[in-house]
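Peer 1: Okay, so here is coords23.csv, and as you'll see once you scroll down, it has CSV, C-alpha atoms and all ligand atoms.
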chain,number,residue,atom,x,y,z
X,3,MET,CA,-110.5,22.5,-35.1
X,4,ILE,CA,-109.2,25.8,-36.7
X,5,ASN,CA,-106.1,23.9,-38.0
X,6,PHE,CA,-108.4,21.3,-39.6
X,7,LEU,CA,-110.4,24.0,-41.3
X,8,LEU,CA,-107.3,25.8,-42.5
X,9,SER,CA,-106.0,22.5,-43.9
X,10,VAL,CA,-109.3,22.0,-45.8
X,11,ARG,CA,-109.1,25.5,-47.2
X,12,ALA,CA,-105.5,25.0,-48.3
X,13,LEU,CA,-106.4,21.7,-50.0
X,14,ILE,CA,-109.3,23.3,-51.9
X,15,ASN,CA,-107.1,26.3,-52.9
X,16,SER,CA,-104.3,24.1,-54.0
X,17,VAL,CA,-106.5,21.7,-56.0
X,18,THR,CA,-108.3,24.6,-57.6
X,19,TYR,CA,-105.1,26.3,-58.6
X,20,ARG,CA,-103.4,23.2,-59.8
X,21,PHE,CA,-106.2,21.7,-61.9
X,22,ILE,CA,-108.3,24.7,-63.0
X,23,LEU,CA,-106.5,28.1,-62.7
X,24,LYS,CA,-102.9,27.1,-63.5
X,25,PRO,CA,-103.8,25.2,-66.8
X,26,VAL,CA,-105.7,28.3,-68.0
X,27,ILE,CA,-103.0,30.8,-66.8
X,28,PHE,CA,-100.2,28.6,-68.4
X,29,LEU,CA,-102.1,28.8,-71.8
X,30,TRP,CA,-101.1,32.5,-72.0
X,31,LYS,CA,-97.6,33.6,-72.8
X,32,PRO,CA,-95.8,34.2,-69.4
X,33,GLU,CA,-95.5,38.0,-69.8
X,34,ILE,CA,-99.1,38.2,-70.8
X,35,ALA,CA,-100.1,36.0,-67.9
X,36,HIS,CA,-98.1,38.2,-65.5
X,37,ASN,CA,-99.9,41.3,-66.8
X,38,LYS,CA,-103.3,39.7,-66.6
X,39,LEU,CA,-102.7,38.4,-63.0
X,40,LYS,CA,-101.7,41.9,-61.9
X,41,ALA,CA,-104.8,43.4,-63.5
X,42,PHE,CA,-106.9,40.8,-61.7
X,43,GLY,CA,-105.2,41.5,-58.4
X,44,LYS,CA,-105.8,45.2,-58.9
X,45,ILE,CA,-109.5,44.7,-59.4
X,46,MET,CA,-109.7,42.3,-56.4
X,47,SER,CA,-107.9,44.6,-54.1
X,48,ALA,CA,-109.6,47.9,-55.2
X,49,ASN,CA,-112.6,47.6,-52.8
X,50,SER,CA,-113.2,46.1,-49.3
X,51,PHE,CA,-115.4,43.3,-50.7
X,52,GLY,CA,-112.6,42.0,-53.0
X,53,ARG,CA,-110.0,42.3,-50.2
X,54,SER,CA,-112.3,40.3,-47.8
X,55,VAL,CA,-112.5,37.6,-50.4
X,56,LEU,CA,-108.7,37.5,-50.7
X,57,LYS,CA,-108.5,37.4,-46.9
X,58,PHE,CA,-111.0,34.6,-46.6
X,59,LEU,CA,-109.1,32.5,-49.2
X,60,PHE,CA,-105.5,33.1,-48.2
X,61,TYR,CA,-104.9,35.1,-45.0
X,62,TYR,CA,-103.1,33.4,-42.1
X,63,GLN,CA,-101.3,35.0,-39.1
X,64,HIS,CA,-99.9,33.6,-35.8
X,65,LYS,CA,-98.3,35.5,-32.9
X,66,SER,CA,-95.1,33.4,-33.1
X,67,LEU,CA,-94.4,34.7,-36.6
X,68,HIS,CA,-94.2,38.3,-35.5
X,69,THR,CA,-90.7,39.6,-35.9
X,70,VAL,CA,-88.9,43.0,-35.6
X,71,VAL,CA,-86.0,43.6,-38.0
X,72,ASP,CA,-84.0,46.8,-38.0
X,73,GLY,CA,-86.8,48.5,-36.0
X,74,ILE,CA,-89.5,47.5,-38.4
X,75,SER,CA,-92.4,45.3,-37.2
X,76,TYR,CA,-93.4,42.4,-39.4
X,77,SER,CA,-96.5,40.3,-38.7
X,78,ASN,CA,-94.8,37.4,-40.5
X,79,PRO,CA,-91.4,36.9,-42.2
X,80,ILE,CA,-92.7,36.0,-45.7
X,81,GLY,CA,-92.6,38.8,-48.3
X,82,LEU,CA,-93.1,39.3,-52.0
X,83,SER,CA,-89.8,39.7,-53.8
X,84,ALA,CA,-88.9,42.5,-56.2
X,85,GLY,CA,-89.9,42.1,-59.8
X,86,PHE,CA,-93.5,40.9,-59.5
X,87,ASP,CA,-94.9,44.5,-58.9
X,88,LYS,CA,-92.6,46.6,-61.1
X,89,ASP,CA,-94.8,49.7,-61.0
X,90,GLY,CA,-96.0,49.4,-57.4
X,91,GLU,CA,-99.7,48.8,-58.3
X,92,LEU,CA,-100.9,46.1,-55.9
X,93,THR,CA,-100.0,47.3,-52.4
X,94,ASP,CA,-103.6,46.8,-51.3
X,95,ALA,CA,-103.6,43.1,-52.2
X,96,TYR,CA,-100.5,41.9,-50.4
X,97,PRO,CA,-101.8,42.3,-46.7
X,98,ALA,CA,-105.0,40.5,-47.6
X,99,MET,CA,-103.1,37.6,-49.2
X,100,GLY,CA,-101.2,37.1,-46.0
X,101,PHE,CA,-97.8,38.6,-47.0
X,102,GLY,CA,-95.8,40.0,-44.1
X,103,PHE,CA,-94.2,42.6,-46.4
X,104,ALA,CA,-93.7,43.4,-50.0
X,105,GLU,CA,-90.7,44.7,-52.0
X,106,LEU,CA,-91.8,46.8,-54.9
X,107,GLY,CA,-89.9,47.5,-58.1
X,108,SER,CA,-87.1,47.5,-59.1
X,109,PHE,CA,-87.7,51.2,-59.9
X,110,THR,CA,-85.2,53.2,-61.9
X,111,GLY,CA,-84.4,56.9,-61.9
X,112,GLU,CA,-85.5,57.2,-65.6
X,113,ILE,CA,-88.5,55.7,-67.3
X,114,CYS,CA,-87.3,52.3,-68.5
X,115,PRO,CA,-88.9,50.2,-71.2
X,116,GLY,CA,-86.8,47.2,-70.4
X,117,ASN,CA,-85.3,44.8,-73.0
X,118,PRO,CA,-86.7,44.5,-76.5
X,119,GLY,CA,-89.4,41.9,-77.3
X,120,VAL,CA,-92.2,43.1,-75.1
X,121,GLY,CA,-94.6,40.2,-74.4
X,122,ARG,CA,-91.8,37.7,-74.9
X,123,ARG,CA,-89.4,38.4,-72.1
X,124,LEU,CA,-90.4,35.6,-69.7
X,125,PHE,CA,-90.1,31.8,-70.3
X,126,ARG,CA,-91.5,29.1,-68.2
X,127,MET,CA,-89.4,26.1,-67.3
X,128,PRO,CA,-92.1,23.9,-65.6
X,129,LYS,CA,-90.1,20.8,-65.0
X,130,SER,CA,-87.2,22.8,-63.6
X,131,LYS,CA,-89.8,24.8,-61.5
X,132,SER,CA,-88.2,28.0,-62.8
X,133,ILE,CA,-88.9,31.1,-64.8
X,134,LEU,CA,-86.3,32.5,-67.2
X,135,VAL,CA,-86.4,36.3,-66.9
X,136,TRP,CA,-85.3,38.7,-69.6
X,137,TYR,CA,-87.3,41.8,-68.6
X,138,GLY,CA,-84.4,44.3,-68.1
X,139,LEU,CA,-86.0,46.5,-65.5
X,140,ASN,CA,-89.1,47.7,-67.3
X,141,ASN,CA,-90.9,50.2,-65.1
X,142,GLN,CA,-92.6,53.7,-65.3
X,143,GLY,CA,-89.7,55.4,-63.5
X,144,ALA,CA,-89.3,56.5,-59.9
X,145,ILE,CA,-90.9,59.9,-60.2
X,146,ALA,CA,-94.2,58.7,-61.7
X,147,ILE,CA,-94.4,55.7,-59.4
X,148,SER,CA,-93.6,57.6,-56.2
X,149,LYS,CA,-96.3,60.1,-57.0
X,150,SER,CA,-98.8,57.3,-57.4
X,151,LEU,CA,-97.8,55.9,-54.0
X,152,LYS,CA,-97.2,59.0,-51.9
X,153,ASP,CA,-100.7,59.2,-50.3
X,154,LYS,CA,-101.1,55.4,-49.8
X,155,LYS,CA,-101.4,54.1,-46.2
X,156,PHE,CA,-99.5,50.9,-46.2
X,157,THR,CA,-100.6,48.2,-43.7
X,158,ILE,CA,-97.5,46.0,-44.0
X,159,PRO,CA,-93.9,47.1,-44.4
X,160,ILE,CA,-93.0,48.1,-47.9
X,161,GLY,CA,-89.6,47.7,-49.4
X,162,VAL,CA,-88.6,50.0,-52.3
X,163,SER,CA,-86.1,48.3,-54.7
X,164,ALA,CA,-83.9,50.8,-56.6
X,165,ALA,CA,-82.0,49.8,-59.7
X,166,LYS,CA,-80.1,51.8,-62.3
X,167,SER,CA,-81.9,52.6,-65.5
X,168,ASN,CA,-81.1,50.1,-68.3
X,169,LEU,CA,-81.0,52.6,-71.2
X,170,THR,CA,-77.4,52.4,-72.4
X,171,ALA,CA,-74.5,49.9,-72.6
X,172,LYS,CA,-72.0,52.6,-71.7
X,173,PHE,CA,-71.3,52.7,-67.9
X,174,VAL,CA,-70.6,56.1,-66.5
X,175,LEU,CA,-70.1,55.9,-62.7
X,176,ALA,CA,-71.4,59.4,-61.8
X,177,ASN,CA,-74.5,59.0,-63.9
X,178,SER,CA,-75.2,55.6,-62.5
X,179,ILE,CA,-75.0,56.8,-58.9
X,180,ALA,CA,-77.2,59.8,-59.7
X,181,ASP,CA,-79.7,57.4,-61.2
X,182,TYR,CA,-79.9,55.4,-57.9
X,183,LEU,CA,-80.1,58.6,-55.8
X,184,LYS,CA,-83.0,59.9,-57.9
X,185,THR,CA,-85.0,56.9,-56.8
X,186,LEU,CA,-84.0,57.2,-53.2
X,187,GLN,CA,-85.0,60.9,-53.2
X,188,ALA,CA,-88.3,60.3,-55.0
X,189,PHE,CA,-89.2,57.7,-52.4
X,190,THR,CA,-88.2,59.7,-49.4
X,191,GLY,CA,-90.9,59.1,-46.8
X,192,ILE,CA,-92.6,56.5,-48.9
X,193,GLY,CA,-92.2,52.8,-47.8
X,194,ASP,CA,-90.1,51.3,-45.0
X,195,TYR,CA,-86.8,50.1,-46.3
X,196,PHE,CA,-84.7,50.4,-49.5
X,197,THR,CA,-83.0,47.7,-51.4
X,198,ILE,CA,-80.2,48.7,-53.8
X,199,ASN,CA,-80.3,46.2,-56.6
X,200,ILE,CA,-76.8,46.0,-58.0
X,201,SER,CA,-77.4,42.5,-59.4
X,202,CYS,CA,-79.9,42.7,-62.3
X,203,PRO,CA,-78.5,40.1,-64.7
X,204,ASN,CA,-80.4,41.5,-67.7
X,205,THR,CA,-78.9,45.0,-68.1
X,206,GLN,CA,-76.8,46.3,-71.0
X,207,ASP,CA,-73.8,47.4,-68.9
X,208,SER,CA,-73.7,44.2,-66.9
X,209,GLU,CA,-73.1,44.4,-63.1
X,210,PRO,CA,-70.5,47.2,-62.6
X,211,PHE,CA,-71.0,47.5,-58.9
X,212,ILE,CA,-69.2,44.2,-58.2
X,213,ASP,CA,-66.1,46.3,-58.6
X,214,LYS,CA,-65.0,47.5,-55.2
X,215,ASN,CA,-64.2,51.1,-56.2
X,216,ASN,CA,-67.5,51.5,-58.0
X,217,LEU,CA,-69.3,50.0,-55.0
X,218,ASP,CA,-67.5,52.2,-52.5
X,219,ALA,CA,-68.4,55.3,-54.5
X,220,LEU,CA,-72.1,54.2,-54.7
X,221,LEU,CA,-72.4,53.3,-51.0
X,222,SER,CA,-70.6,56.6,-49.9
X,223,ALA,CA,-73.1,58.6,-52.0
X,224,ILE,CA,-76.0,56.7,-50.5
X,225,SER,CA,-74.7,57.2,-47.0
X,226,LYS,CA,-74.7,61.0,-47.5
X,227,VAL,CA,-78.4,61.2,-48.5
X,228,ARG,CA,-79.9,58.3,-46.5
X,229,GLU,CA,-83.0,58.8,-44.4
X,230,LYS,CA,-82.7,58.4,-40.6
X,231,ASN,CA,-84.2,55.1,-39.3
X,232,ARG,CA,-84.7,53.7,-42.8
X,233,PRO,CA,-82.8,50.5,-43.4
X,234,ILE,CA,-80.8,50.0,-46.7
X,235,TYR,CA,-80.2,46.5,-48.0
X,236,ILE,CA,-78.0,45.6,-51.0
X,237,LYS,CA,-79.2,42.8,-53.3
X,238,LEU,CA,-76.4,40.5,-54.5
X,239,ALA,CA,-76.2,38.3,-57.6
X,240,ALA,CA,-76.4,34.5,-57.3
X,241,ASP,CA,-73.3,33.7,-59.3
X,242,LEU,CA,-70.5,35.6,-57.4
X,243,SER,CA,-67.4,33.9,-56.3
X,244,GLU,CA,-66.8,33.8,-52.5
X,245,ALA,CA,-64.1,36.5,-52.9
X,246,GLU,CA,-66.6,38.8,-54.7
X,247,ILE,CA,-69.2,38.2,-52.1
X,248,ASP,CA,-66.7,39.0,-49.3
X,249,ILE,CA,-65.8,42.3,-50.9
X,250,ILE,CA,-69.5,43.3,-51.1
X,251,VAL,CA,-70.2,42.1,-47.5
X,252,ASP,CA,-67.2,43.9,-46.1
X,253,ALA,CA,-68.2,47.1,-48.0
X,254,CYS,CA,-71.7,46.9,-46.6
X,255,LEU,CA,-70.3,46.7,-43.1
X,256,GLU,CA,-67.8,49.4,-43.7
X,257,HIS,CA,-70.5,51.8,-45.1
X,258,LYS,CA,-73.0,50.9,-42.4
X,259,MET,CA,-75.5,49.4,-44.7
X,260,ASP,CA,-78.1,47.4,-42.7
X,261,GLY,CA,-78.2,44.2,-44.7
X,262,VAL,CA,-78.3,42.2,-47.9
X,263,VAL,CA,-80.9,40.5,-50.0
X,264,LEU,CA,-79.7,37.0,-51.1
X,265,THR,CA,-80.0,36.5,-54.0
X,266,ASN,CA,-81.1,37.7,-57.5
X,267,LEU,CA,-81.7,35.3,-60.4
X,268,ALA,CA,-79.2,32.6,-61.5
X,269,LYS,CA,-77.5,32.8,-64.9
X,270,PRO,CA,-77.7,29.4,-66.7
X,271,GLU,CA,-74.1,29.5,-67.6
X,272,PHE,CA,-73.1,29.2,-63.9
X,273,ASN,CA,-75.8,26.8,-63.0
X,274,GLN,CA,-76.4,23.1,-63.6
X,275,GLU,CA,-79.6,22.6,-61.6
X,276,TYR,CA,-82.2,22.8,-64.4
X,277,ILE,CA,-83.4,20.6,-67.2
X,278,LYS,CA,-81.4,21.6,-70.2
X,279,GLU,CA,-84.1,21.0,-72.9
X,280,GLU,CA,-86.3,23.6,-71.2
X,281,LEU,CA,-83.8,26.4,-71.9
X,282,THR,CA,-85.1,27.6,-75.2
X,283,PHE,CA,-83.9,31.2,-75.0
X,284,HIS,CA,-80.3,32.0,-74.4
X,285,LYS,CA,-80.4,35.3,-72.6
X,286,GLY,CA,-81.7,36.1,-69.1
X,287,ALA,CA,-81.5,34.3,-65.8
X,288,MET,CA,-83.5,31.8,-63.8
X,289,SER,CA,-85.7,32.0,-60.7
X,290,GLY,CA,-87.1,29.2,-58.6
X,291,LEU,CA,-85.7,25.7,-57.9
X,292,PRO,CA,-82.4,26.0,-59.8
X,293,LEU,CA,-81.6,29.0,-57.6
X,294,GLN,CA,-82.7,27.4,-54.2
X,295,ARG,CA,-79.5,25.7,-53.1
X,296,ILE,CA,-77.1,28.4,-54.4
X,297,ALA,CA,-79.0,31.2,-52.7
X,298,THR,CA,-79.2,29.3,-49.4
X,299,ASN,CA,-75.4,28.7,-49.6
X,300,VAL,CA,-74.9,32.4,-50.1
X,301,VAL,CA,-77.1,33.1,-47.0
X,302,ARG,CA,-75.0,30.6,-45.0
X,303,HIS,CA,-71.7,32.2,-46.2
X,304,VAL,CA,-72.8,35.8,-45.7
X,305,TYR,CA,-74.2,35.1,-42.2
X,306,ARG,CA,-70.8,33.7,-41.2
X,307,ARG,CA,-68.8,36.4,-43.0
X,308,SER,CA,-70.7,39.2,-41.4
X,309,GLN,CA,-70.9,37.3,-38.0
X,310,GLY,CA,-74.7,37.9,-38.0
X,311,LYS,CA,-74.2,41.7,-38.1
X,312,LEU,CA,-76.1,42.2,-41.4
X,313,THR,CA,-79.8,41.6,-41.8
X,314,ILE,CA,-80.4,38.9,-44.4
X,315,ILE,CA,-83.4,38.6,-46.6
X,316,GLY,CA,-83.3,35.1,-48.1
X,317,VAL,CA,-84.8,34.6,-51.5
X,318,GLY,CA,-84.7,32.0,-54.2
X,319,GLY,CA,-86.7,28.8,-54.8
X,320,VAL,CA,-88.9,29.0,-51.7
X,321,PHE,CA,-91.9,26.8,-52.4
X,322,ASN,CA,-92.9,25.5,-48.9
X,323,ALA,CA,-92.3,26.0,-45.2
X,324,ASP,CA,-89.3,23.7,-45.2
X,325,ASP,CA,-87.6,25.9,-47.8
X,326,ALA,CA,-88.3,29.1,-45.9
X,327,TYR,CA,-87.2,27.5,-42.6
X,328,GLU,CA,-83.9,26.4,-44.2
X,329,LYS,CA,-83.2,30.0,-45.2
X,330,ILE,CA,-84.1,31.2,-41.7
X,331,THR,CA,-82.0,28.6,-39.9
X,332,SER,CA,-79.2,29.4,-42.2
X,333,GLY,CA,-79.2,33.0,-41.2
X,334,ALA,CA,-82.0,34.8,-43.0
X,335,ASN,CA,-84.2,37.2,-40.9
X,336,LEU,CA,-86.8,37.5,-43.5
X,337,VAL,CA,-87.7,35.5,-46.6
X,338,GLU,CA,-89.1,36.5,-50.0
X,339,LEU,CA,-90.6,34.6,-53.0
X,340,ILE,CA,-92.2,35.0,-56.4
X,341,THR,CA,-91.9,31.7,-58.3
X,342,GLY,CA,-93.5,29.5,-55.6
X,343,MET,CA,-96.6,31.6,-55.8
X,344,ILE,CA,-96.7,31.3,-59.6
X,345,PHE,CA,-96.2,27.5,-59.8
X,346,ASP,CA,-98.2,26.4,-56.7
X,347,GLY,CA,-100.7,29.3,-56.2
X,348,PRO,CA,-101.1,32.2,-53.8
X,349,GLN,CA,-102.2,29.9,-50.9
X,350,VAL,CA,-98.5,29.0,-50.5
X,351,ILE,CA,-98.0,32.3,-48.5
X,352,GLY,CA,-100.4,31.2,-45.7
X,353,GLU,CA,-99.3,27.6,-45.9
X,354,ILE,CA,-95.6,28.5,-45.5
X,355,ASN,CA,-96.5,30.6,-42.5
X,356,ARG,CA,-98.6,27.9,-41.0
X,357,GLY,CA,-95.8,25.4,-41.6
X,358,LEU,CA,-93.3,27.8,-40.0
X,359,VAL,CA,-95.4,27.9,-36.8
X,360,GLU,CA,-95.1,24.1,-36.6
X,361,LEU,CA,-91.4,24.0,-37.4
X,362,LEU,CA,-90.6,26.6,-34.7
X,363,LYS,CA,-92.6,24.6,-32.2
X,364,LYS,CA,-90.8,21.4,-33.1
X,365,ASP,CA,-87.5,23.0,-32.5
X,366,GLY,CA,-88.6,24.5,-29.3
X,367,PHE,CA,-88.5,28.2,-30.5
X,368,ASN,CA,-90.9,30.8,-29.4
X,369,SER,CA,-90.1,33.3,-32.2
X,370,ILE,CA,-88.5,33.6,-35.6
X,371,GLU,CA,-85.6,35.5,-34.1
X,372,GLN,CA,-84.6,32.4,-32.1
X,373,ALA,CA,-84.5,30.3,-35.2
X,374,VAL,CA,-82.4,32.7,-37.3
X,375,GLY,CA,-79.0,31.1,-37.9
X,376,SER,CA,-79.8,28.2,-35.6
X,377,ARG,CA,-78.4,25.6,-38.1
X,378,ASN,CA,-75.4,27.7,-38.9
X,379,PRO,CA,-74.0,28.6,-35.5
X,380,LEU,CA,-71.4,31.3,-35.3
X,381,PHE,CA,-69.6,30.0,-32.3
P,401,LIG,C1,-90.6,38.0,-63.3
P,401,LIG,C2,-89.5,38.3,-62.4
P,401,LIG,C3,-89.0,39.6,-62.4
P,401,LIG,C4,-87.9,40.0,-61.6
P,401,LIG,N1,-87.5,41.3,-61.5
P,401,LIG,C5,-86.7,41.7,-60.5
P,401,LIG,C6,-86.4,43.1,-60.3
P,401,LIG,O1,-86.9,44.0,-61.0
P,401,LIG,N2,-85.5,43.4,-59.3
P,401,LIG,C7,-84.9,42.4,-58.5
P,401,LIG,O2,-84.2,42.8,-57.6
P,401,LIG,N3,-85.2,41.1,-58.7
P,401,LIG,C8,-86.1,40.7,-59.6
P,401,LIG,N4,-86.4,39.4,-59.8
P,401,LIG,C9,-85.7,38.4,-58.9
P,401,LIG,C10,-86.6,38.1,-57.7
P,401,LIG,O3,-86.7,39.2,-56.9
P,401,LIG,C11,-86.0,37.0,-56.9
P,401,LIG,O4,-84.7,37.4,-56.4
P,401,LIG,C12,-85.8,35.7,-57.7
P,401,LIG,O5,-86.9,35.5,-58.5
P,401,LIG,C13,-85.7,34.5,-56.8
P,401,LIG,O6,-86.9,34.3,-56.1
P,401,LIG,P1,-88.0,33.1,-56.5
P,401,LIG,O7,-87.3,31.9,-56.8
P,401,LIG,O8,-88.9,33.0,-55.3
P,401,LIG,O9,-88.7,33.7,-57.7
P,401,LIG,C14,-87.4,39.0,-60.7
P,401,LIG,C15,-87.9,37.7,-60.7
P,401,LIG,C16,-88.9,37.4,-61.6
P,401,LIG,C17,-89.4,35.9,-61.5
Would you write out, as structure tokens, the structure that this file holds?
Peer 2:
Amino acid sequence: MINFLLSVRALINSVTYRFILKPVIFLWKPEIAHNKLKAFGKIMSANSFGRSVLKFLFYYQHKSLHTVVDGISYSNPIGLSAGFDKDGELTDAYPAMGFGFAELGSFTGEICPGNPGVGRRLFRMPKSKSILVWYGLNNQGAIAISKSLKDKKFTIPIGVSAAKSNLTAKFVLANSIADYLKTLQAFTGIGDYFTINISCPNTQDSEPFIDKNNLDALLSAISKVREKNRPIYIKLAADLSEAEIDIIVDACLEHKMDGVVLTNLAKPEFNQEYIKEELTFHKGAMSGLPLQRIATNVVRHVYRRSQGKLTIIGVGGVFNADDAYEKITSGANLVELITGMIFDGPQVIGEINRGLVELLKKDGFNSIEQAVGSRNPLF
């Protein structure tokens, strides 16, 4: 009976989003729409009535979805990926919407306006089910954001994504490392895990931490200041060669990082999985469906390369339970998304979780842990 009611709720939500809300939201320019949705989410989650409405519409939990990763307890494995909440403003909304965790940021050491063209740094590619992103790490900076979050009581695990400020094209290793450390220090005691984003495709100095020496220097510096019992994950780009991935994975193991986030956005020049006519702006990188297969393949490869020793957060083109389950059975411990929620509506979070319960049951698993890597066996 309860499942029937949940199916009816999902159907009403999905039809309302597809035929009423999305056509209105998609009338606005994407960056404007992003800002309006965040403003609406802030209003909705500011008081208990609004949060109850969100919960009534979207919330779903089931005991088989509970999972513990690196000592952190997650009520379900579906989280918000970095980049939706760049200033950490909506932490009260995510638990009510049914997310198991949320990764905030990316935050940078300095205040970062992002790339030029404010209001025109996102492009929808609806047929490709993708968003072309050219933000360039706009955020209010780690100091101000950490101050605004320091007294918050989070009810789900919170990831803090740290990136290097995108203010100059000149790469200076020591300054870049100091920039990351500034964010880690500002967020000491705030949130549950850190992600080190070395893979933003939209920065002026490119991705200098693919280089082994630079990466070693960064990870050594992080190791010296890291908090006890706080996992650190490294976020990789989508378009690396296997050799480049292996260097990063081996460095993560060597420096005792806890895991990896796989992956960041896909650059169109390395990707054929989108409809060419939709690419009207020739900078930036793509989220969503064009990234799905590539990111899952990276999950598969890294799970094997690390022999399951690194935690994997799988992200890229997750629209439904099958997509999430594919990441998990390929080796991901947790899954994140943004684009699925934008294209199909926020009810996808609960629906993915509800579908995961069924998929686990079908495969005879009692927990997410049992499913991790089950279709990518190590032995
Ligand atoms: C609008 C937008 C902004 C993003 N900004 C960031 C960011 O600041 N840091 C980061 O690590 N990833 C960022 N990403 C990448 C996402 O975290 C994620 O890796 C990617 O979108 C793939 O997931 P999806 O297909 O579910 O959207 C951004 C993605 C989008 C759509």
Peer 1: From the options X:Cys254, X:Leu362, X:Leu267, X:Ala297, which residue's atoms come nearest to ligand LIG 401 (chain P), counting all atoms listed in the file?
Peer 2: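 For ligand LIG 401 (chain P), the nearest of the candidates is X:Leu267.
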Peer 1: Nearest to Arg126 of chain X among X:Ser201, X:Asn216, X:Gln274, X:Ser289, with distances taken over only C-alpha atoms: which residue is it?
Peer 2: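 Nearest candidate to Arg126 of chain X out of X:Ser201, X:Asn216, X:Gln274, X:Ser289: X:Ser289.
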Peer 1: Could you check which of X:Leu56, X:Ala41, X:Ala188, X:Ile74 is closest to Glu112 of chain X, using all atoms listed in the file?
Peer 2: X:Ala188
Peer 1: Determine, counting all atoms listed in the file, which protein, DNA and RNA residues have an atom within 10 Å of an atom of Arg228 of chain X; residues of the same chain fewer than 4 positions away are not included. Present the result as a PyMOL selection string.
Peer 2: chain X and resi 183+186-187+190+196+223-224+232-234
Peer 1: Just want the residues within 6 Å of ligand LIG 401 (chain P), written as a ChimeraX atom specification, counting only C-alpha atoms and all ligand atoms.
Peer 2: /X:83-86,107-108,133,135,139,199,265-267,289-290,317-320,339-342
Peer 1: What would segment 302-313 of chain X look like with N, CA, C and O atoms in place, written as a PDB file, in the frame of the given file?
Peer 2:
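File produced: part.pdb:
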ATOM      1  N   ARG X 302     -75.832  31.241 -46.041  1.00  0.00           N
ATOM      2  CA  ARG X 302     -75.000  30.600 -45.000  1.00  0.00           C
ATOM      3  C   ARG X 302     -73.618  31.319 -44.948  1.00  0.00           C
ATOM      4  O   ARG X 302     -73.118  31.636 -43.877  1.00  0.00           O
ATOM      5  N   HIS X 303     -73.049  31.564 -46.144  1.00  0.00           N
ATOM      6  CA  HIS X 303     -71.700  32.200 -46.200  1.00  0.00           C
ATOM      7  C   HIS X 303     -71.745  33.607 -45.629  1.00  0.00           C
ATOM      8  O   HIS X 303     -70.897  33.985 -44.808  1.00  0.00           O
ATOM      9  N   VAL X 304     -72.738  34.393 -46.073  1.00  0.00           N
ATOM     10  CA  VAL X 304     -72.800  35.800 -45.700  1.00  0.00           C
ATOM     11  C   VAL X 304     -73.069  35.939 -44.168  1.00  0.00           C
ATOM     12  O   VAL X 304     -72.506  36.804 -43.490  1.00  0.00           O
ATOM     13  N   TYR X 305     -73.917  35.055 -43.647  1.00  0.00           N
ATOM     14  CA  TYR X 305     -74.200  35.100 -42.200  1.00  0.00           C
ATOM     15  C   TYR X 305     -72.918  34.900 -41.412  1.00  0.00           C
ATOM     16  O   TYR X 305     -72.667  35.599 -40.421  1.00  0.00           O
ATOM     17  N   ARG X 306     -72.076  34.004 -41.875  1.00  0.00           N
ATOM     18  CA  ARG X 306     -70.800  33.700 -41.200  1.00  0.00           C
ATOM     19  C   ARG X 306     -69.833  34.893 -41.388  1.00  0.00           C
ATOM     20  O   ARG X 306     -69.191  35.360 -40.458  1.00  0.00           O
ATOM     21  N   ARG X 307     -69.711  35.308 -42.643  1.00  0.00           N
ATOM     22  CA  ARG X 307     -68.800  36.400 -43.000  1.00  0.00           C
ATOM     23  C   ARG X 307     -69.055  37.645 -42.162  1.00  0.00           C
ATOM     24  O   ARG X 307     -68.158  38.341 -41.698  1.00  0.00           O
ATOM     25  N   SER X 308     -70.364  37.942 -42.051  1.00  0.00           N
ATOM     26  CA  SER X 308     -70.700  39.200 -41.400  1.00  0.00           C
ATOM     27  C   SER X 308     -70.934  38.943 -39.858  1.00  0.00           C
ATOM     28  O   SER X 308     -71.309  39.866 -39.127  1.00  0.00           O
ATOM     29  N   GLN X 309     -70.737  37.704 -39.435  1.00  0.00           N
ATOM     30  CA  GLN X 309     -70.900  37.300 -38.000  1.00  0.00           C
ATOM     31  C   GLN X 309     -72.323  37.777 -37.525  1.00  0.00           C
ATOM     32  O   GLN X 309     -72.485  38.269 -36.398  1.00  0.00           O
ATOM     33  N   GLY X 310     -73.315  37.608 -38.395  1.00  0.00           N
ATOM     34  CA  GLY X 310     -74.700  37.900 -38.000  1.00  0.00           C
ATOM     35  C   GLY X 310     -74.974  39.425 -37.890  1.00  0.00           C
ATOM     36  O   GLY X 310     -76.030  39.814 -37.407  1.00  0.00           O
ATOM     37  N   LYS X 311     -74.012  40.253 -38.347  1.00  0.00           N
ATOM     38  CA  LYS X 311     -74.200  41.700 -38.100  1.00  0.00           C
ATOM     39  C   LYS X 311     -75.037  42.351 -39.230  1.00  0.00           C
ATOM     40  O   LYS X 311     -75.455  43.501 -39.092  1.00  0.00           O
ATOM     41  N   LEU X 312     -75.217  41.660 -40.338  1.00  0.00           N
ATOM     42  CA  LEU X 312     -76.100  42.200 -41.400  1.00  0.00           C
ATOM     43  C   LEU X 312     -77.414  41.497 -41.395  1.00  0.00           C
ATOM     44  O   LEU X 312     -77.470  40.267 -41.245  1.00  0.00           O
ATOM     45  N   THR X 313     -78.470  42.257 -41.569  1.00  0.00           N
ATOM     46  CA  THR X 313     -79.800  41.600 -41.800  1.00  0.00           C
ATOM     47  C   THR X 313     -79.724  40.888 -43.114  1.00  0.00           C
ATOM     48  O   THR X 313     -79.131  41.369 -44.080  1.00  0.00           O
TER      49      THR X 313
END
